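Data block for data28.cif (mmCIF, C-alpha atoms):
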```cif
data_model
loop_
_atom_site.label_atom_id
_atom_site.label_comp_id
_atom_site.auth_asym_id
_atom_site.auth_seq_id
_atom_site.Cartn_x
_atom_site.Cartn_y
_atom_site.Cartn_z
CA MET A 639 -22.44 30.02 10.04
CA THR A 640 -21.80 27.01 7.90
CA GLY A 641 -22.20 27.08 4.14
CA PRO A 642 -24.75 25.10 2.13
CA THR A 643 -24.21 21.39 1.63
CA THR A 644 -25.34 21.58 -1.99
CA ILE A 645 -25.19 24.19 -4.74
CA PRO A 646 -27.19 24.43 -7.95
CA LEU A 647 -25.92 21.92 -10.47
CA VAL A 648 -23.93 23.55 -13.21
CA ALA A 649 -22.26 22.07 -16.24
CA ARG A 650 -18.96 20.59 -15.11
CA GLU A 651 -16.92 17.41 -15.39
CA LYS A 652 -16.51 14.95 -12.54
CA PHE A 653 -13.49 15.68 -10.34
CA SER A 654 -13.09 19.15 -11.82
CA ASP A 655 -13.86 21.19 -8.68
CA PRO A 656 -11.97 20.85 -5.36
CA ASP A 657 -15.05 21.49 -3.22
CA TRP A 658 -18.07 20.30 -5.21
CA THR A 659 -19.00 17.22 -7.20
CA ALA A 660 -20.49 17.30 -10.68
CA LYS A 661 -23.90 16.82 -9.02
CA GLY A 662 -23.40 19.89 -6.88
CA GLU A 663 -22.74 18.04 -3.62
CA ARG A 664 -20.11 18.94 -1.05
CA ARG A 665 -16.97 16.85 -1.50
CA ALA A 666 -15.70 14.85 1.48
CA THR A 667 -12.38 15.62 3.15
CA VAL A 668 -10.14 13.76 5.58
CA GLY A 669 -7.82 15.50 7.99
CA LEU A 670 -4.73 14.16 9.72
CA LYS A 671 -5.81 13.51 13.29
CA ARG A 672 -2.79 11.74 14.78
CA LEU A 673 0.30 10.37 13.07
CA GLU A 674 0.15 6.91 14.64
CA THR A 675 1.84 4.91 11.87
CA LEU A 676 4.73 6.04 9.69
CA TRP A 677 5.31 3.85 6.64
CA PHE A 678 8.57 3.62 4.75
CA ASN A 679 8.60 2.27 1.22
CA THR A 680 11.90 0.42 1.09
CA GLY A 681 11.97 0.51 -2.73
CA THR A 682 9.84 -0.95 -5.52
CA LEU A 683 12.25 -3.72 -6.55
CA CYS A 684 10.86 -7.19 -5.84
CA ASN A 685 12.07 -10.71 -6.52
CA ILE A 686 8.78 -11.59 -8.28
CA GLU A 687 6.26 -9.80 -10.48
CA CYS A 688 2.67 -10.43 -9.45
CA ARG A 689 -0.33 -10.13 -11.72
CA ASN A 690 -2.08 -7.47 -9.64
CA CYS A 691 0.53 -5.57 -7.68
CA TYR A 692 -0.90 -2.19 -6.74
CA ILE A 693 2.51 -0.52 -6.82
CA LEU A 694 3.86 -2.33 -9.91
CA SER A 695 6.75 -3.93 -8.04
CA SER A 696 9.01 -6.16 -10.12
CA PRO A 697 12.67 -7.13 -10.52
CA THR A 698 13.12 -4.12 -12.82
CA ASN A 699 10.96 -1.33 -11.40
CA ASP A 700 13.19 0.99 -9.40
CA ALA A 701 10.93 4.03 -9.69
CA LEU A 702 11.18 4.17 -5.89
CA VAL A 703 14.77 3.51 -4.90
CA TYR A 704 16.08 1.93 -1.72
CA ILE A 705 15.50 4.04 1.37
CA THR A 706 18.47 3.99 3.75
CA ALA A 707 18.97 3.62 7.48
CA GLU A 708 20.21 7.20 7.53
CA ASP A 709 16.91 8.34 5.97
CA VAL A 710 14.90 6.38 8.53
CA ALA A 711 16.97 7.72 11.42
CA ARG A 712 16.26 11.31 10.36
CA TYR A 713 12.50 10.73 10.47
CA LEU A 714 12.70 8.91 13.80
CA ASP A 715 14.67 11.87 15.16
CA GLU A 716 11.97 14.20 13.87
CA ILE A 717 9.26 12.18 15.64
CA ALA A 718 11.17 12.48 18.91
CA GLU A 719 11.97 16.18 18.47
CA THR A 720 8.40 17.21 17.62
CA GLY A 721 6.63 14.90 20.07
CA LEU A 722 4.48 13.17 17.47
CA PRO A 723 2.28 10.34 18.86
CA THR A 724 3.70 7.75 16.46
CA ARG A 725 3.63 4.23 17.88
CA GLU A 726 4.34 2.08 14.81
CA ILE A 727 6.95 2.10 12.06
CA ALA A 728 5.97 -0.03 9.07
CA PHE A 729 7.98 -1.14 6.04
CA THR A 730 6.57 -2.06 2.65
CA GLY A 731 7.96 -2.41 -0.85
CA GLY A 732 8.62 -3.95 -3.28
CA GLU A 733 10.03 -6.72 -1.21
CA PRO A 734 11.58 -5.03 1.86
CA PHE A 735 14.27 -7.69 2.27
CA MET A 736 15.66 -6.81 -1.15
CA ASN A 737 16.88 -3.63 0.54
CA PRO A 738 20.36 -4.36 2.01
CA GLU A 739 19.65 -2.08 4.99
CA MET A 740 16.32 -3.61 6.01
CA ILE A 741 17.62 -5.21 9.20
CA ALA A 742 19.40 -2.02 10.22
CA MET A 743 16.28 0.08 9.61
CA ALA A 744 14.08 -2.26 11.62
CA GLU A 745 16.59 -2.32 14.46
CA LEU A 746 16.72 1.48 14.55
CA ALA A 747 12.96 1.66 15.05
CA LEU A 748 12.79 -1.21 17.55
CA SER A 749 15.66 0.17 19.63
CA ARG A 750 13.73 3.43 20.03
CA GLY A 751 10.67 1.68 21.39
CA PHE A 752 8.44 1.57 18.31
CA GLU A 753 6.38 -1.37 17.18
CA VAL A 754 7.61 -2.54 13.79
CA LEU A 755 5.67 -4.16 10.96
CA ILE A 756 7.43 -5.60 7.91
CA LEU A 757 5.44 -6.75 4.87
CA THR A 758 7.20 -9.58 3.02
CA ASN A 759 6.64 -12.51 0.70
CA ALA A 760 8.98 -14.59 2.93
CA MET A 761 10.88 -15.85 -0.09
CA ARG A 762 14.56 -15.95 -0.99
CA PRO A 763 15.46 -12.33 -0.15
CA MET A 764 14.37 -12.98 3.45
CA MET A 765 16.11 -16.34 3.58
CA ARG A 766 19.63 -15.13 2.78
CA PRO A 767 22.04 -16.02 5.63
CA ALA A 768 22.76 -12.43 6.68
CA VAL A 769 19.06 -11.58 6.78
CA ARG A 770 18.20 -14.70 8.77
CA GLU A 771 20.95 -13.90 11.26
CA GLY A 772 19.63 -10.36 11.65
CA LEU A 773 16.01 -11.43 12.03
CA THR A 774 16.92 -14.04 14.60
CA ARG A 775 18.67 -11.36 16.64
CA LEU A 776 15.75 -8.93 16.35
CA VAL A 777 13.19 -11.55 17.37
CA SER A 778 15.35 -12.56 20.33
CA HIS A 779 15.85 -8.98 21.55
CA TYR A 780 12.50 -7.36 20.78
CA GLY A 781 9.97 -10.19 20.83
CA ASP A 782 6.45 -9.40 19.75
CA ARG A 783 7.12 -5.73 19.05
CA LEU A 784 8.24 -7.02 15.63
CA THR A 785 5.57 -8.46 13.30
CA LEU A 786 6.19 -9.96 9.88
CA ARG A 787 3.10 -9.95 7.71
CA VAL A 788 3.47 -12.49 4.93
CA SER A 789 1.64 -12.09 1.63
CA LEU A 790 -0.17 -15.38 1.05
CA ASP A 791 -2.92 -14.63 -1.44
CA HIS A 792 -4.87 -17.86 -0.85
CA TYR A 793 -4.68 -20.80 1.52
CA GLY A 794 -4.14 -23.15 -1.43
CA PRO A 795 -1.13 -23.20 -3.77
CA ALA A 796 -3.02 -23.15 -7.08
CA LEU A 797 -4.70 -19.75 -6.69
CA HIS A 798 -1.72 -18.18 -4.92
CA ASP A 799 0.65 -19.36 -7.66
CA ALA A 800 -1.69 -18.07 -10.37
CA GLU A 801 -1.08 -14.58 -9.01
CA ARG A 802 2.60 -14.82 -8.06
CA GLY A 803 4.19 -17.54 -10.19
CA GLU A 804 4.51 -21.31 -10.10
CA GLY A 805 6.04 -22.65 -6.92
CA THR A 806 5.86 -19.39 -4.97
CA PHE A 807 3.35 -20.75 -2.45
CA ASP A 808 5.72 -23.49 -1.31
CA VAL A 809 8.67 -21.09 -1.11
CA SER A 810 6.69 -18.62 1.01
CA LEU A 811 5.45 -21.44 3.24
CA ASP A 812 9.05 -22.55 3.83
CA GLY A 813 9.89 -18.99 4.88
CA MET A 814 6.94 -18.91 7.26
CA ARG A 815 8.02 -22.21 8.82
CA TRP A 816 11.47 -20.74 9.47
CA LEU A 817 9.91 -17.64 11.06
CA ARG A 818 7.72 -19.90 13.20
CA ASP A 819 10.74 -21.85 14.37
CA ILE A 820 12.65 -18.76 15.53
CA GLY A 821 9.59 -17.53 17.44
CA ALA A 822 8.73 -14.59 15.17
CA ARG A 823 5.32 -12.99 15.46
CA LEU A 824 3.46 -13.74 12.23
CA ALA A 825 0.51 -12.26 10.38
CA VAL A 826 -0.82 -13.00 6.91
CA ALA A 827 -2.26 -10.83 4.15
CA GLY A 828 -4.65 -12.67 1.84
CA ARG A 829 -6.91 -11.50 -0.96
CA THR A 830 -10.57 -11.84 -1.81
CA LEU A 831 -10.57 -11.89 -5.59
CA TRP A 832 -12.03 -15.41 -5.63
CA ASP A 833 -15.67 -16.37 -5.14
CA GLU A 834 -15.32 -17.20 -1.44
CA ASP A 835 -16.91 -15.24 1.34
CA ASP A 836 -15.04 -14.00 4.39
CA ALA A 837 -16.02 -16.98 6.54
CA ALA A 838 -14.84 -19.51 3.95
CA MET A 839 -11.52 -17.73 3.46
CA ARG A 840 -10.88 -17.56 7.20
CA ALA A 841 -11.80 -21.22 7.62
CA GLY A 842 -9.43 -22.22 4.83
CA PHE A 843 -6.57 -20.19 6.24
CA GLY A 844 -7.38 -21.46 9.73
CA ALA A 845 -6.96 -25.05 8.59
CA LEU A 846 -3.62 -24.17 6.99
CA PHE A 847 -2.41 -22.40 10.14
CA ALA A 848 -3.43 -25.37 12.29
CA ARG A 849 -1.62 -27.87 10.04
CA GLU A 850 1.54 -25.80 10.05
CA GLY A 851 1.49 -24.78 13.70
CA PHE A 852 1.38 -21.07 12.90
CA ALA A 853 0.24 -19.01 15.89
CA ILE A 854 -2.11 -16.86 13.82
CA ASN A 855 -5.75 -16.40 14.78
CA PRO A 856 -7.73 -16.51 11.51
CA ALA A 857 -10.70 -14.78 13.16
CA ASP A 858 -8.57 -11.75 14.08
CA PRO A 859 -8.79 -9.23 11.20
CA ALA A 860 -5.43 -7.75 12.22
CA ALA A 861 -3.68 -11.14 12.16
CA LEU A 862 -5.31 -12.34 8.92
CA VAL A 863 -5.97 -9.32 6.73
CA LEU A 864 -8.14 -10.11 3.71
CA PHE A 865 -7.81 -7.29 1.22
CA PRO A 866 -10.71 -6.63 -1.13
CA GLU A 867 -10.13 -6.17 -4.84
CA MET A 868 -11.03 -3.33 -7.16
CA ASP A 869 -13.51 -3.73 -10.00
CA GLU A 870 -11.65 -1.82 -12.68
CA ARG A 871 -14.58 -1.84 -15.13
CA ALA A 872 -17.07 -0.03 -12.92
CA GLU A 873 -18.02 3.63 -13.03
CA VAL A 874 -15.91 5.67 -10.62
CA PRO A 875 -17.98 7.65 -8.07
CA GLU A 876 -17.26 10.96 -6.43
CA ILE A 877 -17.04 10.96 -2.64
CA THR A 878 -19.39 13.32 -0.81
CA THR A 879 -19.97 14.29 2.80
CA ALA A 880 -23.17 12.21 2.69
CA CYS A 881 -21.09 9.02 2.50
CA TRP A 882 -20.04 9.32 6.14
CA GLY A 883 -23.59 8.96 7.39
CA ILE A 884 -24.61 6.40 4.79
CA LEU A 885 -21.70 4.14 5.69
CA GLY A 886 -21.79 4.84 9.41
CA LYS A 887 -18.14 5.90 9.38
CA SER A 888 -16.11 8.91 10.41
CA PRO A 889 -13.16 10.58 8.66
CA ALA A 890 -11.11 9.38 11.64
CA ASP A 891 -11.71 5.77 10.49
CA VAL A 892 -9.81 6.36 7.24
CA MET A 893 -6.16 5.44 7.02
CA CYS A 894 -4.92 8.87 5.96
CA SER A 895 -6.20 10.36 9.23
CA SER A 896 -3.50 8.47 11.14
CA ALA A 897 -0.71 7.48 8.74
CA ARG A 898 1.79 8.85 6.24
CA MET A 899 4.39 7.18 4.00
CA VAL A 900 7.98 8.14 3.16
CA VAL A 901 9.32 7.33 -0.31
CA LYS A 902 12.46 8.13 -2.23
CA ARG A 903 11.98 8.63 -5.97
CA ARG A 904 14.72 7.68 -8.39
CA GLY A 905 16.83 10.75 -9.07
CA ALA A 906 15.29 12.82 -6.27
CA PRO A 907 17.64 14.59 -3.84
CA HIS A 908 15.81 13.40 -0.71
CA PRO A 909 12.81 11.37 0.45
CA VAL A 910 9.34 12.90 0.58
CA VAL A 911 6.24 12.30 2.72
CA LEU A 912 3.04 11.12 1.00
CA ALA A 913 -0.54 11.38 2.23
CA CYS A 914 -1.29 7.73 1.42
CA THR A 915 0.59 4.47 0.88
CA LEU A 916 -1.44 3.79 -2.27
CA LEU A 917 -0.43 6.94 -4.13
CA ALA A 918 3.27 6.35 -4.46
CA TYR A 919 3.57 7.56 -8.04
CA SER A 920 1.51 10.75 -7.83
CA ASP A 921 3.58 13.78 -6.87
CA ALA A 922 0.33 15.71 -6.38
CA PHE A 923 0.09 13.98 -3.01
CA GLU A 924 3.56 14.88 -1.78
CA LEU A 925 3.51 16.81 1.48
CA GLY A 926 7.12 17.92 1.54
CA SER A 927 10.17 16.30 3.09
CA ARG A 928 9.21 16.80 6.75
CA LEU A 929 6.57 15.09 8.85
CA PRO A 930 3.32 16.92 9.65
CA MET A 931 3.50 18.82 12.94
CA ARG A 932 -0.17 19.77 13.05
CA ARG A 933 -3.52 18.71 11.77
CA GLY A 934 -4.47 19.45 8.21
CA ARG A 935 -6.78 18.43 5.41
CA SER A 936 -6.14 16.09 2.51
CA ARG A 937 -8.89 16.01 -0.04
CA SER A 938 -10.65 12.86 -1.21
CA ILE A 939 -10.77 14.30 -4.73
CA ILE A 940 -8.92 11.81 -6.87
CA PRO A 941 -11.00 9.22 -8.69
CA THR A 942 -11.39 6.16 -6.65
CA ALA A 943 -9.41 3.83 -8.82
CA GLN A 944 -6.87 5.13 -6.30
CA SER A 945 -8.69 6.86 -3.46
CA SER A 946 -11.24 4.16 -2.75
CA ALA A 947 -8.44 1.69 -2.26
CA CYS A 948 -7.50 3.77 0.80
CA TRP A 949 -10.98 3.12 2.18
CA ALA A 950 -11.57 -0.49 1.46
CA GLY A 951 -8.23 -2.14 1.63
CA ARG A 952 -4.59 -2.14 2.31
CA SER A 953 -3.63 -0.41 5.49
CA ALA A 954 -7.01 0.86 6.54
CA PRO A 955 -8.28 -0.48 9.86
CA PRO A 956 -8.98 -4.16 9.15
CA ASP A 957 -12.64 -3.98 10.14
CA LEU A 958 -13.40 -1.44 7.43
CA ALA A 959 -13.14 -3.66 4.38
CA ALA A 960 -16.20 -5.89 4.67
CA PRO A 961 -18.66 -3.37 6.18
CA ILE A 962 -17.88 -0.70 3.62
CA HIS A 963 -18.07 -3.12 0.72
CA ASP A 964 -21.39 -4.56 1.91
CA LYS A 965 -22.98 -1.16 2.40
CA ALA A 966 -21.59 0.11 -0.89
CA ARG A 967 -24.10 -2.00 -2.76
CA ARG A 968 -26.81 0.30 -1.39
CA CYS A 969 -25.04 3.62 -1.91
CA ASP A 970 -24.51 5.17 -5.34
CA GLN A 971 -22.27 7.76 -3.71
CA SER A 972 -20.16 5.23 -1.86
CA VAL A 973 -16.42 5.42 -2.12
CA CYS A 974 -16.41 1.68 -2.65
CA ARG A 975 -18.93 1.47 -5.45
CA GLY A 976 -16.94 -0.03 -8.28
CA ALA A 977 -13.73 -0.03 -6.31
CA LYS A 978 -13.16 -2.87 -3.92
CA GLY A 979 -9.80 -1.55 -2.83
CA GLY A 980 -6.16 -2.35 -2.72
CA GLN A 981 -4.87 -1.48 -6.21
CA LEU A 982 -4.13 1.34 -8.57
CA CYS A 983 -6.20 1.79 -11.69
CA GLY A 984 -5.78 -1.26 -13.89
CA ARG A 985 -5.38 0.85 -17.00
CA LEU A 986 -2.35 2.52 -15.46
CA ARG A 987 -0.97 -0.77 -14.21
CA ASN A 988 -1.41 -2.50 -17.54
CA GLN A 989 0.30 0.31 -19.42
CA LEU A 990 3.34 -0.13 -17.22
CA PHE A 991 3.55 -3.90 -16.83
CA ARG A 992 1.64 -6.61 -18.63
CA PRO A 993 0.18 -9.15 -16.20
CA ARG A 994 2.69 -11.91 -15.87
CA ALA A 995 3.76 -13.80 -12.78
CA ARG A 996 7.32 -15.05 -12.66
CA ALA A 997 9.79 -15.91 -9.94
CA VAL A 998 13.28 -14.39 -10.09
CA ASP A 999 16.31 -15.18 -8.00
CA PRO A 1000 17.25 -12.01 -6.06
CA LYS A 1001 20.92 -12.65 -6.90
CA ASP A 1002 20.06 -11.93 -10.52
CA VAL A 1003 18.74 -8.51 -9.59
CA HIS A 1004 21.96 -7.47 -7.89
CA LYS A 1005 24.03 -8.81 -10.78
CA GLY A 1006 21.88 -7.01 -13.31
CA GLY A 1007 21.21 -10.23 -15.21
CA LEU A 1008 17.46 -9.89 -15.16
CA PRO A 1009 15.65 -12.65 -17.04
CA GLY A 1010 12.64 -11.82 -19.15
CA ALA A 1011 13.13 -8.03 -19.35
CA ARG A 1012 10.70 -6.63 -21.90
CA ILE A 1013 10.29 -3.34 -23.72
CA PHE A 1014 6.71 -2.80 -24.80
CA ALA A 1015 5.40 -1.24 -27.98
CA ASP A 1016 3.63 1.42 -25.94
CA PRO A 1017 6.29 4.17 -25.55
CA LEU A 1018 4.90 5.09 -22.12
CA ALA A 1019 5.28 1.54 -20.85
CA ARG A 1020 9.01 1.67 -20.24
CA LEU A 1021 10.73 -0.53 -17.74
CA SER A 1022 13.07 2.36 -16.99
CA PHE A 1023 10.84 5.33 -16.21
CA ARG A 1024 11.81 8.84 -17.21
CA THR A 1025 10.70 11.94 -15.37
CA GLY A 1026 7.12 12.72 -16.25
CA ASP A 1027 6.18 9.31 -17.64
CA ILE A 1028 3.94 8.42 -14.70
CA GLN A 1029 2.37 11.87 -14.65
CA GLN A 1030 1.69 11.70 -18.38
CA ILE A 1031 0.07 8.28 -18.10
CA VAL A 1032 -2.02 9.35 -15.13
CA GLY A 1033 -3.09 12.53 -16.88
CA ASN A 1034 -4.24 10.59 -19.93
CA LEU A 1035 -6.37 8.06 -18.08
CA GLU A 1036 -10.10 8.60 -18.32
CA GLY A 1037 -11.67 9.77 -15.10
CA LEU A 1038 -8.50 10.87 -13.31
CA ALA A 1039 -8.51 14.22 -11.55
CA GLN A 1040 -7.49 17.17 -13.68
CA GLY A 1041 -4.94 19.74 -12.65
CA ALA A 1042 -3.95 18.20 -9.32
CA ARG A 1043 -1.73 20.45 -7.25
CA ILE A 1044 -0.64 21.01 -3.67
CA GLY A 1045 -2.35 23.98 -2.11
CA ALA A 1046 -0.72 26.79 -0.17
CA ASP A 1047 -1.33 24.85 3.02
CA PRO A 1048 1.19 21.98 2.75
CA MET A 1049 -1.18 19.68 4.63
CA ARG A 1050 -4.09 20.42 2.29
CA CYS A 1051 -3.97 18.32 -0.86
CA VAL A 1052 -6.15 20.26 -3.29
CA PRO A 1053 -6.79 19.00 -6.84
#
```

Could you quickly redo this structure as structure tokens?
Amino acid sequence: MTGPTTIPLVAREKFSDPDWTAKGERRATVGLKRLETLWFNTGTLCNIECRNCYILSSPTNDALVYITAEDVARYLDEIAETGLPTREIAFTGGEPFMNPEMIAMAELALSRGFEVLILTNAMRPMMRPAVREGLTRLVSHYGDRLTLRVSLDHYGPALHDAERGEGTFDVSLDGMRWLRDIGARLAVAGRTLWDEDDAAMRAGFGALFAREGFAINPADPAALVLFPEMDERAEVPEITTACWGILGKSPADVMCSSARMVVKRRGAPHPVVLACTLLAYSDAFELGSRLPMRRGRSRSIIPTAQSSACWAGRSAPPDLAAPIHDKARRCDQSVCRGAKGGQLCGRLRNQLFRPRARAVDPKDVHKGGLPGARIFADPLARLSFRTGDIQQIVGNLEGLAQGARIGADPMRCVP
């Protein structure tokens, strides 16, 4: 016998109960169905600081330190030993090519038969001689099992540079031309924060790809991924079981049903596995140091400044973004209402880094001579994070889940 789908409404705060919303409706859950994609965060250091980076990457943020080839090898061994159905290994950052072991990590995965996806801005870190030599070798040996997805926010330089810093569009385009010339398989990640519909964005990118001779199909949502943005001013909804039917979706359509991410926190003894690529700073979503060997539940309990981004953007199946966003206008319960995806809560982001786009030579990062380092008046907004800073900020933000914890079942993330 199944329990009731609603209970009498009682006085409670939103996000205060792991099973019920403040309106007395059953909260939605998502279980891990198959671990098809394993993400590695290579570290949060980046050669630039973008205005709206969901993970706060910058030349100074090392909250997530460089993962190593040894770390990656251990997880690949675990996949083989436990027979997990993982087909893809993906690398994100930060800028992955800041990590000195990026080529070695990609080669480990490719040599074991995985498809590999690397997210990059295709700027100077990627264009260093040793990296170019390594990429040329990988493309030659492994062909289209290696994809480089370049972050190009808009098909025109003005709007792209407004997000990432003056001149960054041309630098990224030079990197893409080099990748084209060595025969690398290319994809592009754009953004939809401007007043252009999907068709106009794809037409604009299509014209750019045609001019440059990039073999990227702008109509293919996997080759040109257009990530929606989050409206940080909107009321944050709670996600109920009714949303599945309203949106015409299944829990299996959601990214966390088929993917996990490995991160290494600064000062931590070993990497940990997270339920979602968008929750890198919340230890409430850590699932231990080993990969899941069975199905389990992870609750959609956190306020959707974070959780809805899983639905509508980043690494969710590409066809989810537009349909969910369109239907959200007609659904007060929708995960996407007021959260168009792809970023952490703006209040958290702005406490950590003020919006400012600037380009930095990666050589400066390794030398420690970082230009423009700033200490803010807000004592929580440190450039060098101490243990507990992120948790304290998150706990203070209005609307965030209270008392998040990991339940007795390590695969059940229960706030």

Write out, as a tab-separated table, each residue of stretch 753-832 of chain A that has an atom at most 7 Å from stretch 840-857 of chain A, together with the closest pair of atoms and their distance in Å to one decimal, counting only C-alpha atoms, rows going by chain and rising number.
```
residue	atom	partner	partner_atom	distance
A:Tyr793	CA	A:Phe843	CA	5.1
A:Arg818	CA	A:Phe852	CA	6.5
A:Leu824	CA	A:Ile854	CA	6.6
A:Ala825	CA	A:Ile854	CA	6.3
```

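The two atoms in question, atom CA of A:Leu722 and atom CA of A:Val911, are spaced 14.9 Å apart.
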
Item to complete: Have a look at A:Gly883, A:Gly813, A:Gly926, A:Gly662 and name the one nearest to A:Arg787; count only C-alpha atoms.
Response: A:Gly813

Worksheet, complete the sentence: Residue with the minimum atom-to-atom distance to A:Phe735, picked from A:Thr698, A:Thr758, A:Thr878, A:Ser920 with all atoms listed in the file counted, is A:Thr758

Worksheet item: In Å to one decimal, how far is atom CA of A:Arg766 from atom CA of A:Ile686?
Response: 15.9 Å

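Put simply, the PyMOL selection byres ((chain A and resi 688) around 6) in this file takes in A:Glu687, A:Arg689, A:Asn690, A:Cys691, A:Glu801, A:Arg802, A:Ala995.
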
Evaluate the PyMOL selection byres ((chain A and resi 898) around 12) here and jot the selected residues down as a JSON list (two decimals) with C-alpha atoms, keeping the file's coordinate frame.
```json
[["chain", "number", "residue", "atom", "x", "y", "z"],
["A", 669, "GLY", "CA", -7.82, 15.50, 7.99],
["A", 670, "LEU", "CA", -4.73, 14.16, 9.72],
["A", 671, "LYS", "CA", -5.81, 13.51, 13.29],
["A", 672, "ARG", "CA", -2.79, 11.74, 14.78],
["A", 673, "LEU", "CA", 0.30, 10.37, 13.07],
["A", 674, "GLU", "CA", 0.15, 6.91, 14.64],
["A", 675, "THR", "CA", 1.84, 4.91, 11.87],
["A", 676, "LEU", "CA", 4.73, 6.04, 9.69],
["A", 677, "TRP", "CA", 5.31, 3.85, 6.64],
["A", 678, "PHE", "CA", 8.57, 3.62, 4.75],
["A", 679, "ASN", "CA", 8.60, 2.27, 1.22],
["A", 713, "TYR", "CA", 12.50, 10.73, 10.47],
["A", 724, "THR", "CA", 3.70, 7.75, 16.46],
["A", 726, "GLU", "CA", 4.34, 2.08, 14.81],
["A", 727, "ILE", "CA", 6.95, 2.10, 12.06],
["A", 728, "ALA", "CA", 5.97, -0.03, 9.07],
["A", 729, "PHE", "CA", 7.98, -1.14, 6.04],
["A", 892, "VAL", "CA", -9.81, 6.36, 7.24],
["A", 893, "MET", "CA", -6.16, 5.44, 7.02],
["A", 894, "CYS", "CA", -4.92, 8.87, 5.96],
["A", 895, "SER", "CA", -6.20, 10.36, 9.23],
["A", 896, "SER", "CA", -3.50, 8.47, 11.14],
["A", 897, "ALA", "CA", -0.71, 7.48, 8.74],
["A", 899, "MET", "CA", 4.39, 7.18, 4.00],
["A", 900, "VAL", "CA", 7.98, 8.14, 3.16],
["A", 901, "VAL", "CA", 9.32, 7.33, -0.31],
["A", 910, "VAL", "CA", 9.34, 12.90, 0.58],
["A", 911, "VAL", "CA", 6.24, 12.30, 2.72],
["A", 912, "LEU", "CA", 3.04, 11.12, 1.00],
["A", 913, "ALA", "CA", -0.54, 11.38, 2.23],
["A", 914, "CYS", "CA", -1.29, 7.73, 1.42],
["A", 915, "THR", "CA", 0.59, 4.47, 0.88],
["A", 916, "LEU", "CA", -1.44, 3.79, -2.27],
["A", 917, "LEU", "CA", -0.43, 6.94, -4.13],
["A", 918, "ALA", "CA", 3.27, 6.35, -4.46],
["A", 923, "PHE", "CA", 0.09, 13.98, -3.01],
["A", 924, "GLU", "CA", 3.56, 14.88, -1.78],
["A", 925, "LEU", "CA", 3.51, 16.81, 1.48],
["A", 926, "GLY", "CA", 7.12, 17.92, 1.54],
["A", 927, "SER", "CA", 10.17, 16.30, 3.09],
["A", 928, "ARG", "CA", 9.21, 16.80, 6.75],
["A", 929, "LEU", "CA", 6.57, 15.09, 8.85],
["A", 930, "PRO", "CA", 3.32, 16.92, 9.65],
["A", 936, "SER", "CA", -6.14, 16.09, 2.51],
["A", 948, "CYS", "CA", -7.50, 3.77, 0.80],
["A", 953, "SER", "CA", -3.63, -0.41, 5.49],
["A", 954, "ALA", "CA", -7.01, 0.86, 6.54],
["A", 1049, "MET", "CA", -1.18, 19.68, 4.63]]
```

Item to complete: Give me, please, the distance in Å between atom CA of A:Asp836 and atom CA of A:Glu867, quoted to one decimal.
Response: 13.1 Å

Worksheet item: Could you spell out the hits of the PyMOL selection byres ((chain A and resi 902) around 9) on the shown file, as a PyMOL selection string?
Response: chain A and resi 679-681+701-705+900-901+903-911

Print the selection's residues with C-alpha atoms to a file, as a JSON list (two decimals), in the coordinates of the input.
```json
[["chain", "number", "residue", "atom", "x", "y", "z"],
["A", 679, "ASN", "CA", 8.60, 2.27, 1.22],
["A", 680, "THR", "CA", 11.90, 0.42, 1.09],
["A", 681, "GLY", "CA", 11.97, 0.51, -2.73],
["A", 701, "ALA", "CA", 10.93, 4.03, -9.69],
["A", 702, "LEU", "CA", 11.18, 4.17, -5.89],
["A", 703, "VAL", "CA", 14.77, 3.51, -4.90],
["A", 704, "TYR", "CA", 16.08, 1.93, -1.72],
["A", 705, "ILE", "CA", 15.50, 4.04, 1.37],
["A", 900, "VAL", "CA", 7.98, 8.14, 3.16],
["A", 901, "VAL", "CA", 9.32, 7.33, -0.31],
["A", 903, "ARG", "CA", 11.98, 8.63, -5.97],
["A", 904, "ARG", "CA", 14.72, 7.68, -8.39],
["A", 905, "GLY", "CA", 16.83, 10.75, -9.07],
["A", 906, "ALA", "CA", 15.29, 12.82, -6.27],
["A", 907, "PRO", "CA", 17.64, 14.59, -3.84],
["A", 908, "HIS", "CA", 15.81, 13.40, -0.71],
["A", 909, "PRO", "CA", 12.81, 11.37, 0.45],
["A", 910, "VAL", "CA", 9.34, 12.90, 0.58],
["A", 911, "VAL", "CA", 6.24, 12.30, 2.72]]
```
